[in-house]
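Colleague: Coordinates in final_3.pdb, PDB, C-alpha atoms, are listed below.
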```pdb
MODEL        1
ATOM      1  CA  MET A   1     -21.670  16.843  38.897
ATOM      2  CA  ASN A   2     -21.463  13.039  39.032
ATOM      3  CA  ARG A   3     -23.306  12.810  35.716
ATOM      4  CA  THR A   4     -20.833  15.275  34.155
ATOM      5  CA  LEU A   5     -17.873  13.297  35.466
ATOM      6  CA  ARG A   6     -19.347  10.070  34.118
ATOM      7  CA  PHE A   7     -19.869  11.720  30.710
ATOM      8  CA  LEU A   8     -16.286  13.005  30.624
ATOM      9  CA  ALA A   9     -14.949   9.635  31.710
ATOM     10  CA  THR A  10     -16.948   7.876  28.990
ATOM     11  CA  THR A  11     -16.000  10.282  26.193
ATOM     12  CA  GLY A  12     -12.423  10.281  27.405
ATOM     13  CA  GLY A  13     -12.383   6.501  27.174
ATOM     14  CA  LEU A  14     -13.786   6.622  23.649
ATOM     15  CA  CYS A  15     -11.139   9.169  22.621
ATOM     16  CA  ALA A  16      -8.447   6.948  24.097
ATOM     17  CA  LEU A  17      -9.742   3.971  22.122
ATOM     18  CA  LEU A  18      -9.829   5.994  18.906
ATOM     19  CA  THR A  19      -6.319   7.339  19.518
ATOM     20  CA  ALA A  20      -5.039   3.831  20.190
ATOM     21  CA  SER A  21      -6.666   2.572  16.983
ATOM     22  CA  VAL A  22      -4.960   5.278  14.910
ATOM     23  CA  ALA A  23      -1.628   4.688  16.667
ATOM     24  CA  GLN A  24      -1.817   0.959  15.949
ATOM     25  CA  GLY A  25      -2.490   1.576  12.282
ATOM     26  CA  PHE A  26      -4.505  -0.420   9.785
ATOM     27  CA  GLU A  27      -4.618  -4.206  10.168
ATOM     28  CA  GLY A  28      -6.428  -6.230   7.552
ATOM     29  CA  THR A  29      -6.433  -6.926   3.815
ATOM     30  CA  ILE A  30      -6.539  -4.776   0.688
ATOM     31  CA  GLU A  31      -7.389  -6.266  -2.716
ATOM     32  CA  PHE A  32      -6.672  -4.405  -5.924
ATOM     33  CA  THR A  33      -5.988  -4.736  -9.637
ATOM     34  CA  LYS A  34      -3.212  -3.269 -11.763
ATOM     35  CA  THR A  35      -3.925  -2.645 -15.440
ATOM     36  CA  THR A  36      -1.042  -1.999 -17.837
ATOM     37  CA  GLY A  37      -2.211  -1.939 -21.434
ATOM     38  CA  PRO A  38      -4.180  -5.163 -22.021
ATOM     39  CA  VAL A  39      -2.668  -6.918 -18.980
ATOM     40  CA  VAL A  40      -4.698  -7.015 -15.750
ATOM     41  CA  THR A  41      -3.025  -8.408 -12.604
ATOM     42  CA  ASN A  42      -4.712  -9.040  -9.242
ATOM     43  CA  TYR A  43      -2.969  -8.379  -5.931
ATOM     44  CA  LYS A  44      -3.800  -8.744  -2.259
ATOM     45  CA  TYR A  45      -2.059  -7.071   0.682
ATOM     46  CA  TYR A  46      -2.161  -8.607   4.159
ATOM     47  CA  VAL A  47      -1.115  -5.986   6.725
ATOM     48  CA  LYS A  48      -0.122  -6.433  10.362
ATOM     49  CA  GLY A  49       2.030  -3.814  12.111
ATOM     50  CA  ASP A  50       5.354  -3.449  10.275
ATOM     51  CA  HIS A  51       4.676  -6.506   8.131
ATOM     52  CA  VAL A  52       3.042  -6.713   4.698
ATOM     53  CA  ARG A  53       2.389  -9.852   2.668
ATOM     54  CA  ILE A  54       1.859  -9.153  -1.047
ATOM     55  CA  GLU A  55       0.214 -11.884  -3.112
ATOM     56  CA  GLU A  56       0.004 -11.875  -6.896
ATOM     57  CA  ILE A  57      -3.105 -13.801  -7.917
ATOM     58  CA  SER A  58      -3.880 -15.360 -11.289
ATOM     59  CA  SER A  59      -7.163 -14.927 -13.150
ATOM     60  CA  ARG A  60      -8.139 -18.370 -11.800
ATOM     61  CA  GLY A  61      -7.573 -17.265  -8.208
ATOM     62  CA  ALA A  62      -4.293 -19.115  -7.650
ATOM     63  CA  VAL A  63      -1.434 -17.408  -5.789
ATOM     64  CA  GLN A  64       1.436 -17.077  -8.275
ATOM     65  CA  GLY A  65       3.978 -15.249  -6.136
ATOM     66  CA  ILE A  66       4.397 -13.796  -2.652
ATOM     67  CA  MET A  67       6.515 -10.977  -1.239
ATOM     68  CA  LEU A  68       7.064 -10.627   2.510
ATOM     69  CA  VAL A  69       7.921  -7.026   3.392
ATOM     70  CA  ASP A  70       9.317  -6.065   6.796
ATOM     71  CA  ASN A  71       9.092  -2.288   7.153
ATOM     72  CA  HIS A  72      10.999  -2.330  10.449
ATOM     73  CA  ASP A  73      14.063  -4.204   9.203
ATOM     74  CA  ARG A  74      13.625  -2.899   5.628
ATOM     75  CA  THR A  75      13.828  -6.388   4.126
ATOM     76  CA  VAL A  76      11.949  -8.128   1.311
ATOM     77  CA  THR A  77      11.646 -11.897   0.849
ATOM     78  CA  ALA A  78      10.173 -13.475  -2.277
ATOM     79  CA  LEU A  79       8.334 -16.809  -2.040
ATOM     80  CA  SER A  80       7.552 -19.252  -4.846
ATOM     81  CA  PRO A  81       4.527 -21.350  -3.766
ATOM     82  CA  ASP A  82       4.891 -23.740  -6.725
ATOM     83  CA  ARG A  83       8.568 -24.535  -6.153
ATOM     84  CA  LYS A  84       8.550 -24.097  -2.351
ATOM     85  CA  LEU A  85      11.503 -21.713  -2.550
ATOM     86  CA  TYR A  86      12.297 -18.368  -0.937
ATOM     87  CA  MET A  87      14.848 -15.706  -1.818
ATOM     88  CA  ASP A  88      16.122 -12.535  -0.158
ATOM     89  CA  VAL A  89      15.501  -9.574  -2.458
ATOM     90  CA  PRO A  90      18.427  -7.126  -2.321
ATOM     91  CA  ASN A  91      17.729  -3.397  -2.335
ATOM     92  CA  MET A  92      20.400  -2.082  -4.676
ATOM     93  CA  ARG A  93      18.549   0.476  -6.792
ATOM     94  CA  LEU A  94      19.649   4.079  -6.423
ATOM     95  CA  PRO A  95      16.811   6.544  -5.734
ATOM     96  CA  LYS A  96      15.535   8.424  -8.776
ATOM     97  CA  ASP A  97      15.615  12.208  -8.399
ATOM     98  CA  PHE A  98      13.174  14.367 -10.364
ATOM     99  CA  LYS A  99      11.052  17.449  -9.838
ATOM    100  CA  ALA A 100       7.297  17.147  -9.526
ATOM    101  CA  GLU A 101       4.358  19.450  -8.842
ATOM    102  CA  VAL A 102       1.884  18.184  -6.237
ATOM    103  CA  LYS A 103      -1.700  19.427  -5.959
ATOM    104  CA  LYS A 104      -4.192  18.275  -3.311
ATOM    105  CA  THR A 105      -7.393  19.343  -5.028
ATOM    106  CA  GLY A 106      -9.979  18.974  -2.253
ATOM    107  CA  GLU A 107     -12.218  17.171  -4.749
ATOM    108  CA  MET A 108     -13.893  14.190  -3.066
ATOM    109  CA  LYS A 109     -15.340  10.881  -4.266
ATOM    110  CA  ASP A 110     -16.670   7.708  -2.580
ATOM    111  CA  LEU A 111     -14.541   4.683  -3.461
ATOM    112  CA  ALA A 112     -14.283   1.215  -1.866
ATOM    113  CA  GLY A 113     -16.259   2.406   1.149
ATOM    114  CA  TYR A 114     -14.073   5.488   1.784
ATOM    115  CA  LYS A 115     -14.299   9.228   1.232
ATOM    116  CA  CYS A 116     -11.344   9.836  -1.066
ATOM    117  CA  GLU A 117      -9.583  13.054  -2.065
ATOM    118  CA  LYS A 118      -8.064  13.651  -5.489
ATOM    119  CA  TRP A 119      -4.306  14.347  -5.490
ATOM    120  CA  VAL A 120      -2.384  15.074  -8.692
ATOM    121  CA  VAL A 121       1.393  14.793  -9.165
ATOM    122  CA  LYS A 122       2.899  16.133 -12.409
ATOM    123  CA  SER A 123       6.377  16.048 -13.921
ATOM    124  CA  PRO A 124       6.560  17.452 -17.474
ATOM    125  CA  ALA A 125      10.220  16.416 -17.728
ATOM    126  CA  GLU A 126       9.253  12.794 -16.959
ATOM    127  CA  ASP A 127       6.228  12.973 -19.299
ATOM    128  CA  ARG A 128       3.939  11.801 -16.522
ATOM    129  CA  VAL A 129       0.791  12.879 -14.679
ATOM    130  CA  LEU A 130      -0.267  10.697 -11.728
ATOM    131  CA  THR A 131      -3.766  11.052 -10.285
ATOM    132  CA  TYR A 132      -4.484   9.432  -6.923
ATOM    133  CA  TRP A 133      -7.774   9.140  -5.055
ATOM    134  CA  VAL A 134      -6.601   8.670  -1.468
ATOM    135  CA  ALA A 135      -8.386   7.435   1.654
ATOM    136  CA  GLN A 136      -7.415   8.038   5.288
ATOM    137  CA  ASP A 137      -7.610   5.059   7.645
ATOM    138  CA  ALA A 138      -4.261   4.975   9.482
ATOM    139  CA  PHE A 139      -2.624   3.211   6.520
ATOM    140  CA  ASN A 140       0.737   3.871   8.173
ATOM    141  CA  PHE A 141       2.362   0.865   6.503
ATOM    142  CA  PHE A 142       2.084   2.211   2.952
ATOM    143  CA  ILE A 143       4.880   4.781   2.596
ATOM    144  CA  PRO A 144       7.425   2.654   4.543
ATOM    145  CA  MET A 145       6.468  -0.271   2.289
ATOM    146  CA  LEU A 146       7.125   1.770  -0.856
ATOM    147  CA  GLU A 147      10.481   2.845   0.545
ATOM    148  CA  THR A 148      11.395  -0.734   1.491
ATOM    149  CA  LEU A 149      10.390  -2.165  -1.893
ATOM    150  CA  ASN A 150      12.288   0.667  -3.638
ATOM    151  CA  ARG A 151      10.647   0.005  -7.000
ATOM    152  CA  LYS A 152      11.205   2.090 -10.129
ATOM    153  CA  ASP A 153       7.473   1.977 -10.835
ATOM    154  CA  GLU A 154       6.082   5.490 -11.440
ATOM    155  CA  GLN A 155       2.979   4.810  -9.357
ATOM    156  CA  ALA A 156       5.274   4.419  -6.333
ATOM    157  CA  LEU A 157       7.916   7.024  -7.229
ATOM    158  CA  PHE A 158       5.403   9.824  -7.768
ATOM    159  CA  PHE A 159       3.460   9.001  -4.601
ATOM    160  CA  LEU A 160       6.658   9.376  -2.587
ATOM    161  CA  LYS A 161       6.900  12.958  -3.869
ATOM    162  CA  ILE A 162       3.809  13.880  -1.821
ATOM    163  CA  SER A 163       4.518  15.480   1.549
ATOM    164  CA  ASP A 164       2.226  14.936   4.546
ATOM    165  CA  ALA A 165       0.840  11.704   3.067
ATOM    166  CA  LYS A 166       1.192   9.578   6.209
ATOM    167  CA  GLY A 167      -1.772   7.327   6.883
ATOM    168  CA  VAL A 168      -3.354   7.466   3.426
ATOM    169  CA  PHE A 169      -3.741   4.815   0.742
ATOM    170  CA  PRO A 170      -4.623   5.371  -2.934
ATOM    171  CA  MET A 171      -7.891   3.628  -3.745
ATOM    172  CA  VAL A 172      -7.224   4.560  -7.378
ATOM    173  CA  GLY A 173      -3.912   5.456  -8.997
ATOM    174  CA  LEU A 174      -3.964   6.587 -12.635
ATOM    175  CA  GLU A 175      -0.704   7.033 -14.557
ATOM    176  CA  GLN A 176      -0.871   9.051 -17.770
ATOM    177  CA  LYS A 177       1.515  10.688 -20.215
ATOM    178  CA  ASN A 178       1.359  14.468 -20.608
ATOM    179  CA  ASP A 179      -0.931  14.033 -23.631
ATOM    180  CA  GLY A 180      -3.457  12.060 -21.552
ATOM    181  CA  THR A 181      -2.526   8.571 -22.763
ATOM    182  CA  GLU A 182      -3.147   6.053 -19.986
ATOM    183  CA  VAL A 183      -0.088   4.006 -18.991
ATOM    184  CA  SER A 184      -1.285   2.116 -15.918
ATOM    185  CA  ARG A 185      -4.124   2.031 -13.425
ATOM    186  CA  LEU A 186      -4.331   0.697  -9.866
ATOM    187  CA  GLU A 187      -7.816   0.203  -8.431
ATOM    188  CA  VAL A 188      -8.789  -1.147  -5.021
ATOM    189  CA  THR A 189     -11.699  -3.575  -5.115
ATOM    190  CA  LYS A 190     -12.026  -4.462  -1.427
ATOM    191  CA  VAL A 191     -10.715  -3.341   1.979
ATOM    192  CA  SER A 192     -11.297  -5.491   5.066
ATOM    193  CA  ARG A 193     -10.202  -4.701   8.622
ATOM    194  CA  GLY A 194      -9.395  -7.653  10.859
ATOM    195  CA  THR A 195      -6.703  -9.440  12.839
ATOM    196  CA  GLN A 196      -4.140 -11.231  10.665
ATOM    197  CA  ARG A 197      -2.296 -14.420  11.622
ATOM    198  CA  ALA A 198       1.396 -13.909  12.382
ATOM    199  CA  ASP A 199       2.412 -16.952  10.314
ATOM    200  CA  LEU A 200       1.270 -15.202   7.127
ATOM    201  CA  PHE A 201       4.368 -13.021   7.392
ATOM    202  CA  ALA A 202       6.897 -15.795   7.990
ATOM    203  CA  ILE A 203       8.656 -18.159   5.578
ATOM    204  CA  PRO A 204       6.568 -21.366   5.584
ATOM    205  CA  ALA A 205       8.028 -24.602   6.875
ATOM    206  CA  GLY A 206       9.450 -26.791   4.123
ATOM    207  CA  TYR A 207      10.621 -23.906   1.925
ATOM    208  CA  THR A 208      14.231 -23.970   0.690
ATOM    209  CA  LYS A 209      16.361 -20.878   0.191
ATOM    210  CA  PHE A 210      17.223 -20.169  -3.433
ATOM    211  CA  GLU A 211      20.869 -19.183  -3.807
ATOM    212  CA  ARG A 212      22.050 -17.315  -6.885
ATOM    213  CA  ASN A 213      25.302 -18.602  -8.352
TER     214      ASN A 213
ENDMDL
END
```
Before anything else, please render the file you have as structure tokens.
Modeller:
Amino acid sequence: MNRTLRFLATTGGLCALLTASVAQGFEGTIEFTKTTGPVVTNYKYYVKGDHVRIEEISSRGAVQGIMLVDNHDRTVTALSPDRKLYMDVPNMRLPKDFKAEVKKTGEMKDLAGYKCEKWVVKSPAEDRVLTYWVAQDAFNFFIPMLETLNRKDEQALFFLKISDAKGVFPMVGLEQKNDGTEVSRLEVTKVSRGTQRADLFAIPAGYTKFERN
């Protein structure tokens, strides 16, 4: 009996730890590339709770621009490392409404260290087919981030058409026209879990606010 109780206590503790990990969500970094025609751009996400730092990185490895996203307050701040400036980014774009067909295929593939499922989102009227290979790792920041950024980018707009997508992240996102022509591709190159410093998500000391006239 005592052995059984010890086993239940141990497994119960493990379940509690796993549940807590999922509840806390992903914390760490995600590196990926975006290819649009001949242009390839490198990005890196730093994720901690409701906060996401997005860095755009040059081919030489230099940080060209930074976006600080607060999913709780639904705010976005742009930083210019070269000029030591920051600017509040207003969210003024109206949501785009269109019909799309979503198919979760069940087809699996190993990508960036994850088992990923193929999801396809089609809209003939928009002349677009989006194919995502998604991984599950409590990526709870992703959909709120897309909503906060409120971009008109099809990679984001079509992903938001998927129901029950909480906690997933696309390791590959392929945007094509109805005839199969590739428009853009997002591809994750590295995912790292780990504690992130809080100061990464704050405006650095010495930065001046840029005011539009």
Colleague: Just say which residues the PyMOL selection byres ((chain A and resi 100-105) around 12) picks in this file, as a PyMOL selection string.
Modeller: chain A and resi 97-99+106-109+116-134+154+157-165
Colleague: What residues come out when you apply the PyMOL selection byres ((chain A and resi 33) around 7) to this file, written as a tab-separated table (two decimals) with C-alpha atoms, in the coordinates of the input?
Modeller:
```
chain	number	residue	atom	x	y	z
A	32	PHE	CA	-6.67	-4.40	-5.92
A	34	LYS	CA	-3.21	-3.27	-11.76
A	35	THR	CA	-3.92	-2.64	-15.44
A	40	VAL	CA	-4.70	-7.02	-15.75
A	41	THR	CA	-3.02	-8.41	-12.60
A	42	ASN	CA	-4.71	-9.04	-9.24
A	43	TYR	CA	-2.97	-8.38	-5.93
A	186	LEU	CA	-4.33	0.70	-9.87
A	187	GLU	CA	-7.82	0.20	-8.43
A	188	VAL	CA	-8.79	-1.15	-5.02
```
Colleague: Could you expand the PyMOL selection byres ((chain A and resi 30) around 12) into the explicit residues it covers here, written as a PDB file with C-alpha atoms, keeping the file's coordinate frame?
Modeller:
```
ATOM      1  CA  PHE A  26      -4.505  -0.420   9.785  1.00  0.00           C
ATOM      2  CA  GLU A  27      -4.618  -4.206  10.168  1.00  0.00           C
ATOM      3  CA  GLY A  28      -6.428  -6.230   7.552  1.00  0.00           C
ATOM      4  CA  THR A  29      -6.433  -6.926   3.815  1.00  0.00           C
ATOM      5  CA  GLU A  31      -7.389  -6.266  -2.716  1.00  0.00           C
ATOM      6  CA  PHE A  32      -6.672  -4.405  -5.924  1.00  0.00           C
ATOM      7  CA  THR A  33      -5.988  -4.736  -9.637  1.00  0.00           C
ATOM      8  CA  ASN A  42      -4.712  -9.040  -9.242  1.00  0.00           C
ATOM      9  CA  TYR A  43      -2.969  -8.379  -5.931  1.00  0.00           C
ATOM     10  CA  LYS A  44      -3.800  -8.744  -2.259  1.00  0.00           C
ATOM     11  CA  TYR A  45      -2.059  -7.071   0.682  1.00  0.00           C
ATOM     12  CA  TYR A  46      -2.161  -8.607   4.159  1.00  0.00           C
ATOM     13  CA  VAL A  47      -1.115  -5.986   6.725  1.00  0.00           C
ATOM     14  CA  LYS A  48      -0.122  -6.433  10.362  1.00  0.00           C
ATOM     15  CA  VAL A  52       3.042  -6.713   4.698  1.00  0.00           C
ATOM     16  CA  ARG A  53       2.389  -9.852   2.668  1.00  0.00           C
ATOM     17  CA  ILE A  54       1.859  -9.153  -1.047  1.00  0.00           C
ATOM     18  CA  GLU A  55       0.214 -11.884  -3.112  1.00  0.00           C
ATOM     19  CA  ALA A 112     -14.283   1.215  -1.866  1.00  0.00           C
ATOM     20  CA  PHE A 139      -2.624   3.211   6.520  1.00  0.00           C
ATOM     21  CA  PHE A 142       2.084   2.211   2.952  1.00  0.00           C
ATOM     22  CA  PHE A 169      -3.741   4.815   0.742  1.00  0.00           C
ATOM     23  CA  PRO A 170      -4.623   5.371  -2.934  1.00  0.00           C
ATOM     24  CA  MET A 171      -7.891   3.628  -3.745  1.00  0.00           C
ATOM     25  CA  GLU A 187      -7.816   0.203  -8.431  1.00  0.00           C
ATOM     26  CA  VAL A 188      -8.789  -1.147  -5.021  1.00  0.00           C
ATOM     27  CA  THR A 189     -11.699  -3.575  -5.115  1.00  0.00           C
ATOM     28  CA  LYS A 190     -12.026  -4.462  -1.427  1.00  0.00           C
ATOM     29  CA  VAL A 191     -10.715  -3.341   1.979  1.00  0.00           C
ATOM     30  CA  SER A 192     -11.297  -5.491   5.066  1.00  0.00           C
ATOM     31  CA  ARG A 193     -10.202  -4.701   8.622  1.00  0.00           C
ATOM     32  CA  GLY A 194      -9.395  -7.653  10.859  1.00  0.00           C
TER      33      GLY A 194
END
```
Colleague: Distance atom CA of A:His72-atom CA of A:Asn140, one decimal place?
Modeller: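 Calculated distance between atom CA of A:His72 and atom CA of A:Asn140 is 12.2 Å.
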Colleague: Compare A:Glu147, A:Glu182, A:Glu175, A:Glu211 by their minimum atom-to-atom distance to A:Pro95, counting all atoms listed in the file, and give me the closest one.
Modeller: A:Glu147
Colleague: Working from the structure I just supplied, which lacks atoms in stretch 145-180 of chain A, can you model N, CA and C atoms there and output them as an mmCIF file, in the coordinates of the input?
Modeller:
```cif
data_model
loop_
_atom_site.group_PDB
_atom_site.id
_atom_site.type_symbol
_atom_site.label_atom_id
_atom_site.label_comp_id
_atom_site.auth_asym_id
_atom_site.auth_seq_id
_atom_site.Cartn_x
_atom_site.Cartn_y
_atom_site.Cartn_z
ATOM 1 N N MET A 145 6.420 0.864 3.202
ATOM 2 C CA MET A 145 6.468 -0.271 2.289
ATOM 3 C C MET A 145 7.041 0.139 0.938
ATOM 4 N N LEU A 146 6.591 1.283 0.419
ATOM 5 C CA LEU A 146 7.125 1.770 -0.856
ATOM 6 C C LEU A 146 8.624 2.010 -0.763
ATOM 7 N N GLU A 147 9.054 2.573 0.353
ATOM 8 C CA GLU A 147 10.481 2.845 0.545
ATOM 9 C C GLU A 147 11.278 1.548 0.655
ATOM 10 N N THR A 148 10.708 0.547 1.330
ATOM 11 C CA THR A 148 11.395 -0.734 1.491
ATOM 12 C C THR A 148 11.477 -1.487 0.168
ATOM 13 N N LEU A 149 10.387 -1.506 -0.592
ATOM 14 C CA LEU A 149 10.390 -2.165 -1.893
ATOM 15 C C LEU A 149 11.319 -1.468 -2.878
ATOM 16 N N ASN A 150 11.373 -0.124 -2.811
ATOM 17 C CA ASN A 150 12.288 0.667 -3.638
ATOM 18 C C ASN A 150 12.149 0.330 -5.122
ATOM 19 N N ARG A 151 10.907 0.326 -5.602
ATOM 20 C CA ARG A 151 10.647 0.005 -7.000
ATOM 21 C C ARG A 151 10.846 1.239 -7.888
ATOM 22 N N LYS A 152 11.082 0.991 -9.174
ATOM 23 C CA LYS A 152 11.205 2.090 -10.129
ATOM 24 C C LYS A 152 9.862 2.424 -10.779
ATOM 25 N N ASP A 153 8.819 1.766 -10.322
ATOM 26 C CA ASP A 153 7.473 1.977 -10.835
ATOM 27 C C ASP A 153 7.007 3.407 -10.557
ATOM 28 N N GLU A 154 6.491 4.082 -11.589
ATOM 29 C CA GLU A 154 6.082 5.490 -11.440
ATOM 30 C C GLU A 154 4.954 5.678 -10.438
ATOM 31 N N GLN A 155 4.063 4.698 -10.333
ATOM 32 C CA GLN A 155 2.979 4.810 -9.357
ATOM 33 C C GLN A 155 3.546 5.004 -7.955
ATOM 34 N N ALA A 156 4.638 4.307 -7.649
ATOM 35 C CA ALA A 156 5.274 4.419 -6.333
ATOM 36 C C ALA A 156 6.150 5.668 -6.245
ATOM 37 N N LEU A 157 6.975 5.903 -7.257
ATOM 38 C CA LEU A 157 7.916 7.024 -7.229
ATOM 39 C C LEU A 157 7.206 8.363 -7.091
ATOM 40 N N PHE A 158 6.120 8.546 -7.813
ATOM 41 C CA PHE A 158 5.403 9.824 -7.768
ATOM 42 C C PHE A 158 4.661 9.988 -6.450
ATOM 43 N N PHE A 159 4.146 8.883 -5.890
ATOM 44 C CA PHE A 159 3.460 9.001 -4.601
ATOM 45 C C PHE A 159 4.422 9.449 -3.516
ATOM 46 N N LEU A 160 5.661 8.996 -3.596
ATOM 47 C CA LEU A 160 6.658 9.376 -2.587
ATOM 48 C C LEU A 160 7.054 10.845 -2.682
ATOM 49 N N LYS A 161 6.640 11.523 -3.737
ATOM 50 C CA LYS A 161 6.900 12.958 -3.869
ATOM 51 C C LYS A 161 5.903 13.799 -3.067
ATOM 52 N N ILE A 162 4.857 13.163 -2.539
ATOM 53 C CA ILE A 162 3.809 13.880 -1.821
ATOM 54 C C ILE A 162 4.201 14.025 -0.352
ATOM 55 N N SER A 163 4.235 15.252 0.130
ATOM 56 C CA SER A 163 4.518 15.480 1.549
ATOM 57 C C SER A 163 3.229 15.336 2.361
ATOM 58 N N ASP A 164 3.377 15.062 3.644
ATOM 59 C CA ASP A 164 2.226 14.936 4.546
ATOM 60 C C ASP A 164 1.218 13.902 4.046
ATOM 61 N N ALA A 165 1.728 12.753 3.583
ATOM 62 C CA ALA A 165 0.840 11.704 3.067
ATOM 63 C C ALA A 165 0.749 10.523 4.021
ATOM 64 N N LYS A 166 1.215 10.680 5.256
ATOM 65 C CA LYS A 166 1.192 9.578 6.209
ATOM 66 C C LYS A 166 -0.244 9.161 6.510
ATOM 67 N N GLY A 167 -0.468 7.851 6.497
ATOM 68 C CA GLY A 167 -1.772 7.327 6.883
ATOM 69 C C GLY A 167 -2.778 7.223 5.767
ATOM 70 N N VAL A 168 -2.398 7.566 4.526
ATOM 71 C CA VAL A 168 -3.354 7.466 3.426
ATOM 72 C C VAL A 168 -2.972 6.313 2.504
ATOM 73 N N PHE A 169 -3.961 5.870 1.717
ATOM 74 C CA PHE A 169 -3.741 4.815 0.742
ATOM 75 C C PHE A 169 -4.528 5.180 -0.516
ATOM 76 N N PRO A 170 -3.900 5.041 -1.699
ATOM 77 C CA PRO A 170 -4.623 5.371 -2.934
ATOM 78 C C PRO A 170 -5.604 4.276 -3.331
ATOM 79 N N MET A 171 -6.887 4.587 -3.307
ATOM 80 C CA MET A 171 -7.891 3.628 -3.745
ATOM 81 C C MET A 171 -7.903 3.511 -5.271
ATOM 82 N N VAL A 172 -7.452 4.574 -5.928
ATOM 83 C CA VAL A 172 -7.224 4.560 -7.378
ATOM 84 C C VAL A 172 -5.939 5.319 -7.653
ATOM 85 N N GLY A 173 -5.097 4.759 -8.521
ATOM 86 C CA GLY A 173 -3.912 5.456 -8.997
ATOM 87 C C GLY A 173 -3.888 5.375 -10.509
ATOM 88 N N LEU A 174 -3.926 6.532 -11.169
ATOM 89 C CA LEU A 174 -3.964 6.587 -12.635
ATOM 90 C C LEU A 174 -2.688 7.237 -13.144
ATOM 91 N N GLU A 175 -1.942 6.515 -13.959
ATOM 92 C CA GLU A 175 -0.704 7.033 -14.557
ATOM 93 C C GLU A 175 -0.969 7.364 -16.021
ATOM 94 N N GLN A 176 -0.671 8.614 -16.394
ATOM 95 C CA GLN A 176 -0.871 9.051 -17.770
ATOM 96 C C GLN A 176 0.368 9.793 -18.278
ATOM 97 N N LYS A 177 0.522 9.824 -19.600
ATOM 98 C CA LYS A 177 1.515 10.688 -20.215
ATOM 99 C C LYS A 177 0.956 12.114 -20.244
ATOM 100 N N ASN A 178 1.813 13.076 -20.572
ATOM 101 C CA ASN A 178 1.359 14.468 -20.608
ATOM 102 C C ASN A 178 0.208 14.693 -21.584
ATOM 103 N N ASP A 179 0.134 13.868 -22.638
ATOM 104 C CA ASP A 179 -0.931 14.033 -23.631
ATOM 105 C C ASP A 179 -2.225 13.322 -23.240
ATOM 106 N N GLY A 180 -2.250 12.717 -22.040
ATOM 107 C CA GLY A 180 -3.457 12.060 -21.552
ATOM 108 C C GLY A 180 -3.517 10.567 -21.797
#
```
